[in-house]
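start22.pdb (PDB, C-alpha atoms, pLDDT in the B column) appears below.
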```pdb
MODEL        1
ATOM      1  CA  MET N  40     115.682  65.595  46.316  1.00 66.00           C
ATOM      2  CA  SER N  41     115.571  66.657  42.686  1.00 69.00           C
ATOM      3  CA  SER N  42     112.844  68.770  41.150  1.00 73.00           C
ATOM      4  CA  ASP N  43     111.944  65.733  39.009  1.00 79.00           C
ATOM      5  CA  ASP N  44     111.340  63.686  42.171  1.00 80.00           C
ATOM      6  CA  TRP N  45     109.162  66.435  43.661  1.00 82.00           C
ATOM      7  CA  GLY N  46     107.329  66.740  40.348  1.00 85.00           C
ATOM      8  CA  ARG N  47     106.623  63.011  40.262  1.00 87.00           C
ATOM      9  CA  LEU N  48     105.236  63.065  43.806  1.00 89.00           C
ATOM     10  CA  ARG N  49     103.139  66.160  43.140  1.00 89.00           C
ATOM     11  CA  GLY N  50     101.690  64.415  40.076  1.00 91.00           C
ATOM     12  CA  LEU N  51     100.462  61.406  42.034  1.00 94.00           C
ATOM     13  CA  SER N  52      96.919  61.188  43.319  1.00 95.00           C
ATOM     14  CA  GLU N  53      96.350  61.025  47.061  1.00 95.00           C
ATOM     15  CA  GLN N  54      95.564  57.316  46.736  1.00 96.00           C
ATOM     16  CA  GLU N  55      98.807  56.707  44.829  1.00 95.00           C
ATOM     17  CA  LEU N  56     100.769  58.580  47.496  1.00 95.00           C
ATOM     18  CA  PHE N  57      99.212  56.464  50.233  1.00 96.00           C
ATOM     19  CA  VAL N  58      99.952  53.271  48.273  1.00 95.00           C
ATOM     20  CA  GLU N  59     103.571  54.347  47.854  1.00 92.00           C
ATOM     21  CA  LEU N  60     103.844  55.125  51.563  1.00 94.00           C
ATOM     22  CA  GLY N  61     102.118  51.831  52.395  1.00 94.00           C
ATOM     23  CA  GLU N  62     104.734  49.951  50.384  1.00 91.00           C
ATOM     24  CA  ARG N  63     107.421  51.460  52.607  1.00 90.00           C
ATOM     25  CA  LEU N  64     105.473  50.827  55.813  1.00 90.00           C
ATOM     26  CA  SER N  65     104.620  47.235  54.959  1.00 85.00           C
ATOM     27  CA  PRO N  66     107.516  45.800  52.987  1.00 79.00           C
ATOM     28  CA  GLY N  67     106.969  42.408  51.486  1.00 74.00           C
ATOM     29  CA  VAL N  68     107.712  40.204  48.565  1.00 63.00           C
ATOM     30  CA  GLY N  69     105.573  40.230  45.467  1.00 67.00           C
ATOM     31  CA  ARG N  70     102.593  42.300  44.514  1.00 75.00           C
ATOM     32  CA  ARG N  71     100.345  43.391  47.351  1.00 83.00           C
ATOM     33  CA  ASP N  72      96.843  44.802  47.264  1.00 91.00           C
ATOM     34  CA  PRO N  73      97.028  48.591  46.744  1.00 93.00           C
ATOM     35  CA  LYS N  74      93.868  49.079  48.826  1.00 95.00           C
ATOM     36  CA  TYR N  75      95.508  47.314  51.743  1.00 93.00           C
ATOM     37  CA  LEU N  76      98.712  49.329  51.358  1.00 94.00           C
ATOM     38  CA  ALA N  77      96.768  52.591  51.222  1.00 96.00           C
ATOM     39  CA  ALA N  78      94.755  51.593  54.304  1.00 96.00           C
ATOM     40  CA  VAL N  79      97.957  50.845  56.238  1.00 94.00           C
ATOM     41  CA  ALA N  80      99.390  54.221  55.244  1.00 96.00           C
ATOM     42  CA  ARG N  81      96.186  56.128  56.021  1.00 97.00           C
ATOM     43  CA  ALA N  82      96.071  54.585  59.503  1.00 97.00           C
ATOM     44  CA  TRP N  83      99.749  55.422  60.059  1.00 96.00           C
ATOM     45  CA  PHE N  84      99.186  59.003  58.879  1.00 96.00           C
ATOM     46  CA  ALA N  85      96.088  59.474  61.053  1.00 96.00           C
ATOM     47  CA  ASP N  86      97.964  58.173  64.100  1.00 96.00           C
ATOM     48  CA  ARG N  87     100.658  60.798  63.579  1.00 95.00           C
ATOM     49  CA  VAL N  88      98.651  63.921  62.743  1.00 95.00           C
ATOM     50  CA  GLU N  89      99.200  65.282  66.260  1.00 95.00           C
ATOM     51  CA  GLU N  90     102.971  64.787  65.946  1.00 95.00           C
ATOM     52  CA  PHE N  91     102.942  66.549  62.584  1.00 96.00           C
ATOM     53  CA  ARG N  92     100.837  69.338  64.040  1.00 95.00           C
ATOM     54  CA  ARG N  93     103.301  69.792  66.894  1.00 95.00           C
ATOM     55  CA  VAL N  94     106.287  70.349  64.595  1.00 95.00           C
ATOM     56  CA  VAL N  95     104.637  72.096  61.624  1.00 96.00           C
ATOM     57  CA  CYS N  96     102.208  74.510  63.256  1.00 95.00           C
ATOM     58  CA  GLY N  97     103.854  77.661  64.464  1.00 89.00           C
ATOM     59  CA  SER N  98     106.913  77.119  62.307  1.00 94.00           C
ATOM     60  CA  GLU N  99     108.156  80.403  60.901  1.00 95.00           C
ATOM     61  CA  ALA N 100     109.557  78.574  57.864  1.00 95.00           C
ATOM     62  CA  VAL N 101     106.150  77.078  57.066  1.00 94.00           C
ATOM     63  CA  ARG N 102     104.385  80.397  57.618  1.00 93.00           C
ATOM     64  CA  LEU N 103     106.775  82.184  55.254  1.00 95.00           C
ATOM     65  CA  ALA N 104     106.520  79.368  52.702  1.00 94.00           C
ATOM     66  CA  GLN N 105     102.722  79.586  52.765  1.00 91.00           C
ATOM     67  CA  GLN N 106     102.862  83.344  52.304  1.00 92.00           C
ATOM     68  CA  SER N 107     105.209  82.952  49.341  1.00 93.00           C
ATOM     69  CA  GLY N 108     102.615  80.886  47.493  1.00 90.00           C
ATOM     70  CA  ASP N 109     105.421  78.652  46.195  1.00 89.00           C
ATOM     71  CA  GLU N 110     104.348  75.035  46.663  1.00 90.00           C
ATOM     72  CA  ALA N 111     107.894  73.709  46.243  1.00 89.00           C
ATOM     73  CA  VAL N 112     109.138  75.944  49.052  1.00 92.00           C
ATOM     74  CA  LEU N 113     106.267  74.835  51.291  1.00 94.00           C
ATOM     75  CA  LEU N 114     106.906  71.159  50.551  1.00 93.00           C
ATOM     76  CA  SER N 115     110.596  71.561  51.370  1.00 92.00           C
ATOM     77  CA  ALA N 116     109.858  73.384  54.625  1.00 95.00           C
ATOM     78  CA  VAL N 117     107.382  70.710  55.733  1.00 96.00           C
ATOM     79  CA  ALA N 118     109.691  67.843  54.693  1.00 94.00           C
ATOM     80  CA  ASP N 119     112.579  69.351  56.665  1.00 94.00           C
ATOM     81  CA  LEU N 120     110.434  69.579  59.796  1.00 95.00           C
ATOM     82  CA  ILE N 121     108.904  66.109  59.630  1.00 95.00           C
ATOM     83  CA  ALA N 122     111.989  64.173  58.496  1.00 95.00           C
ATOM     84  CA  PRO N 123     113.053  63.432  62.095  1.00 94.00           C
ATOM     85  CA  LEU N 124     109.555  62.101  62.835  1.00 92.00           C
ATOM     86  CA  VAL N 125     109.274  59.737  59.887  1.00 93.00           C
ATOM     87  CA  GLY N 126     112.739  58.210  60.146  1.00 85.00           C
ATOM     88  CA  ILE N 127     113.588  56.116  57.115  1.00 81.00           C
ATOM     89  CA  LEU N 128     110.231  56.754  55.489  1.00 84.00           C
ATOM     90  CA  PRO N 129     110.179  59.222  52.609  1.00 88.00           C
ATOM     91  CA  ALA N 130     109.607  62.635  54.200  1.00 93.00           C
ATOM     92  CA  ALA N 131     108.834  64.052  50.763  1.00 92.00           C
ATOM     93  CA  THR N 132     105.876  61.707  50.286  1.00 93.00           C
ATOM     94  CA  VAL N 133     104.534  62.558  53.727  1.00 95.00           C
ATOM     95  CA  ALA N 134     105.104  66.283  53.064  1.00 95.00           C
ATOM     96  CA  VAL N 135     103.009  66.105  49.891  1.00 95.00           C
ATOM     97  CA  LEU N 136     100.272  64.281  51.805  1.00 95.00           C
ATOM     98  CA  LEU N 137     100.382  66.885  54.581  1.00 94.00           C
ATOM     99  CA  THR N 138     100.098  69.788  52.164  1.00 94.00           C
ATOM    100  CA  ARG N 139      97.162  68.076  50.494  1.00 93.00           C
ATOM    101  CA  TYR N 140      95.632  67.486  53.916  1.00 94.00           C
ATOM    102  CA  GLY N 141      96.062  71.223  54.325  1.00 93.00           C
ATOM    103  CA  ILE N 142      98.417  73.142  56.577  1.00 93.00           C
ATOM    104  CA  ASP N 143      95.572  75.417  57.683  1.00 91.00           C
ATOM    105  CA  ARG N 144      93.436  72.365  58.467  1.00 92.00           C
ATOM    106  CA  LEU N 145      96.323  70.720  60.305  1.00 93.00           C
ATOM    107  CA  CYS N 146      96.936  73.835  62.348  1.00 92.00           C
ATOM    108  CA  GLY N 147      93.266  74.558  62.981  1.00 86.00           C
ATOM    109  CA  VAL N 148      93.189  77.811  61.067  1.00 68.00           C
ATOM    110  CA  ALA N 149      89.604  78.750  60.228  1.00 57.00           C
ATOM    111  CA  ASP N 150      88.993  79.398  56.553  1.00 52.00           C
ATOM    112  CA  GLY N 151      85.828  81.388  57.090  1.00 47.00           C
ATOM    113  CA  SER N 152      83.531  78.684  55.718  1.00 45.00           C
ATOM    114  CA  ASP N 153      80.859  76.853  57.631  1.00 41.00           C
ATOM    115  CA  ALA N 154      81.775  73.468  56.160  1.00 38.00           C
TER     116      ALA N 154
ENDMDL
END
```

Since I need it in another form, could you write the structure as structure tokens?
Amino acid sequence: MSSDDWGRLRGLSEQELFVELGERLSPGVGRRDPKYLAAVARAWFADRVEEFRRVVCGSEAVRLAQQSGDEAVLLSAVADLIAPLVGILPAATVAVLLTRYGIDRLCGVADGSDA
């Protein structure tokens, strides 16, 4: 994946990422309601959080990428780990969504807040 492709994905809002993922999950002809597509993708994502947690949490590559503070390195590490889980779906899109969801949140790492 080129840096331009990563840059485009990183520039999308969470809603736009879910719509893009929804288009891949629910292929069809013609224009479809973005709210519906996002809802399909959100449900798909929520159903797979445990699978993502299983492969991402405890990964040395992800831990090192987080420590580096380099978002591109973190995205690549996450995409590499989840690619086998998402099959033909765009692992990069899911990786961006997972990093926005929060690796610490995914892995149950306390942030010290009471929220």

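Among the candidates N:Val58, N:Cys96, N:Leu128, N:Ala80, the residue lying nearest to Gly141 in chain N is N:Cys96 (atoms considered: only C-alpha atoms).
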
Any chance you could resolve the PyMOL selection byres ((chain N and resi 62) around 12) against this file and give the residues as an NGL selection string?
:N and (55-61 or 63-81 or 128-129 or 132)

Determine the nearest neighbour of Leu113 in chain N from the options N:Val125, N:Ala130, N:Ala85, N:Ile142, counting only C-alpha atoms.
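Ranked by minimum distance to Leu113 in chain N, first place goes to N:Ile142.
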
From the set N:Leu124, N:Ala131, N:Ala116, N:Val88, which residue has the shortest atom-to-atom contact distance to Gly46 in chain N, counting only C-alpha atoms?
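Nearest to Gly46 in chain N: N:Ala131.
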
Hey, what comes out of the PyMOL selection byres ((chain N and resi 100) around 10) on this file? Could you write it as a VMD selection string?
chain N and resid 95 to 99 101 to 106 112 to 113 115 to 117 119 to 120

Write to file, as a PDB file, in the coordinates of the input, the residues of the selection just made, with C-alpha atoms.
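So out_9.pdb came out as:
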```pdb
ATOM      1  CA  VAL N  95     104.637  72.096  61.624  1.00 96.00           C
ATOM      2  CA  CYS N  96     102.208  74.510  63.256  1.00 95.00           C
ATOM      3  CA  GLY N  97     103.854  77.661  64.464  1.00 89.00           C
ATOM      4  CA  SER N  98     106.913  77.119  62.307  1.00 94.00           C
ATOM      5  CA  GLU N  99     108.156  80.403  60.901  1.00 95.00           C
ATOM      6  CA  VAL N 101     106.150  77.078  57.066  1.00 94.00           C
ATOM      7  CA  ARG N 102     104.385  80.397  57.618  1.00 93.00           C
ATOM      8  CA  LEU N 103     106.775  82.184  55.254  1.00 95.00           C
ATOM      9  CA  ALA N 104     106.520  79.368  52.702  1.00 94.00           C
ATOM     10  CA  GLN N 105     102.722  79.586  52.765  1.00 91.00           C
ATOM     11  CA  GLN N 106     102.862  83.344  52.304  1.00 92.00           C
ATOM     12  CA  VAL N 112     109.138  75.944  49.052  1.00 92.00           C
ATOM     13  CA  LEU N 113     106.267  74.835  51.291  1.00 94.00           C
ATOM     14  CA  SER N 115     110.596  71.561  51.370  1.00 92.00           C
ATOM     15  CA  ALA N 116     109.858  73.384  54.625  1.00 95.00           C
ATOM     16  CA  VAL N 117     107.382  70.710  55.733  1.00 96.00           C
ATOM     17  CA  ASP N 119     112.579  69.351  56.665  1.00 94.00           C
ATOM     18  CA  LEU N 120     110.434  69.579  59.796  1.00 95.00           C
TER      19      LEU N 120
END
```

Can you work out the spacing between CA of Ser107 in chain N and CA of Arg93 in chain N in Å, to one decimal?
22.0 Å

Please measure the separation of CA of Glu89 in chain N and CA of Glu110 in chain N, giving the value in Å to one decimal.
22.5 Å

What separation in Å, quoted to one decimal, exists between CA of Ala134 in chain N and CA of Leu114 in chain N?
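The value is 5.8 Å.
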
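Proximity of N:Ala122, N:Leu137, N:Ile127, N:Leu48 to Phe84 in chain N, computed with all atoms listed in the file, is greatest for N:Leu137.
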
Counting all atoms listed in the file, figure out which residue out of N:Asp43, N:Ala82, N:Val94, N:Ser52 gets nearest to Cys146 in chain N.
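Of N:Asp43, N:Ala82, N:Val94, N:Ser52, the one nearest Cys146 in chain N is N:Val94, counting all atoms listed in the file.
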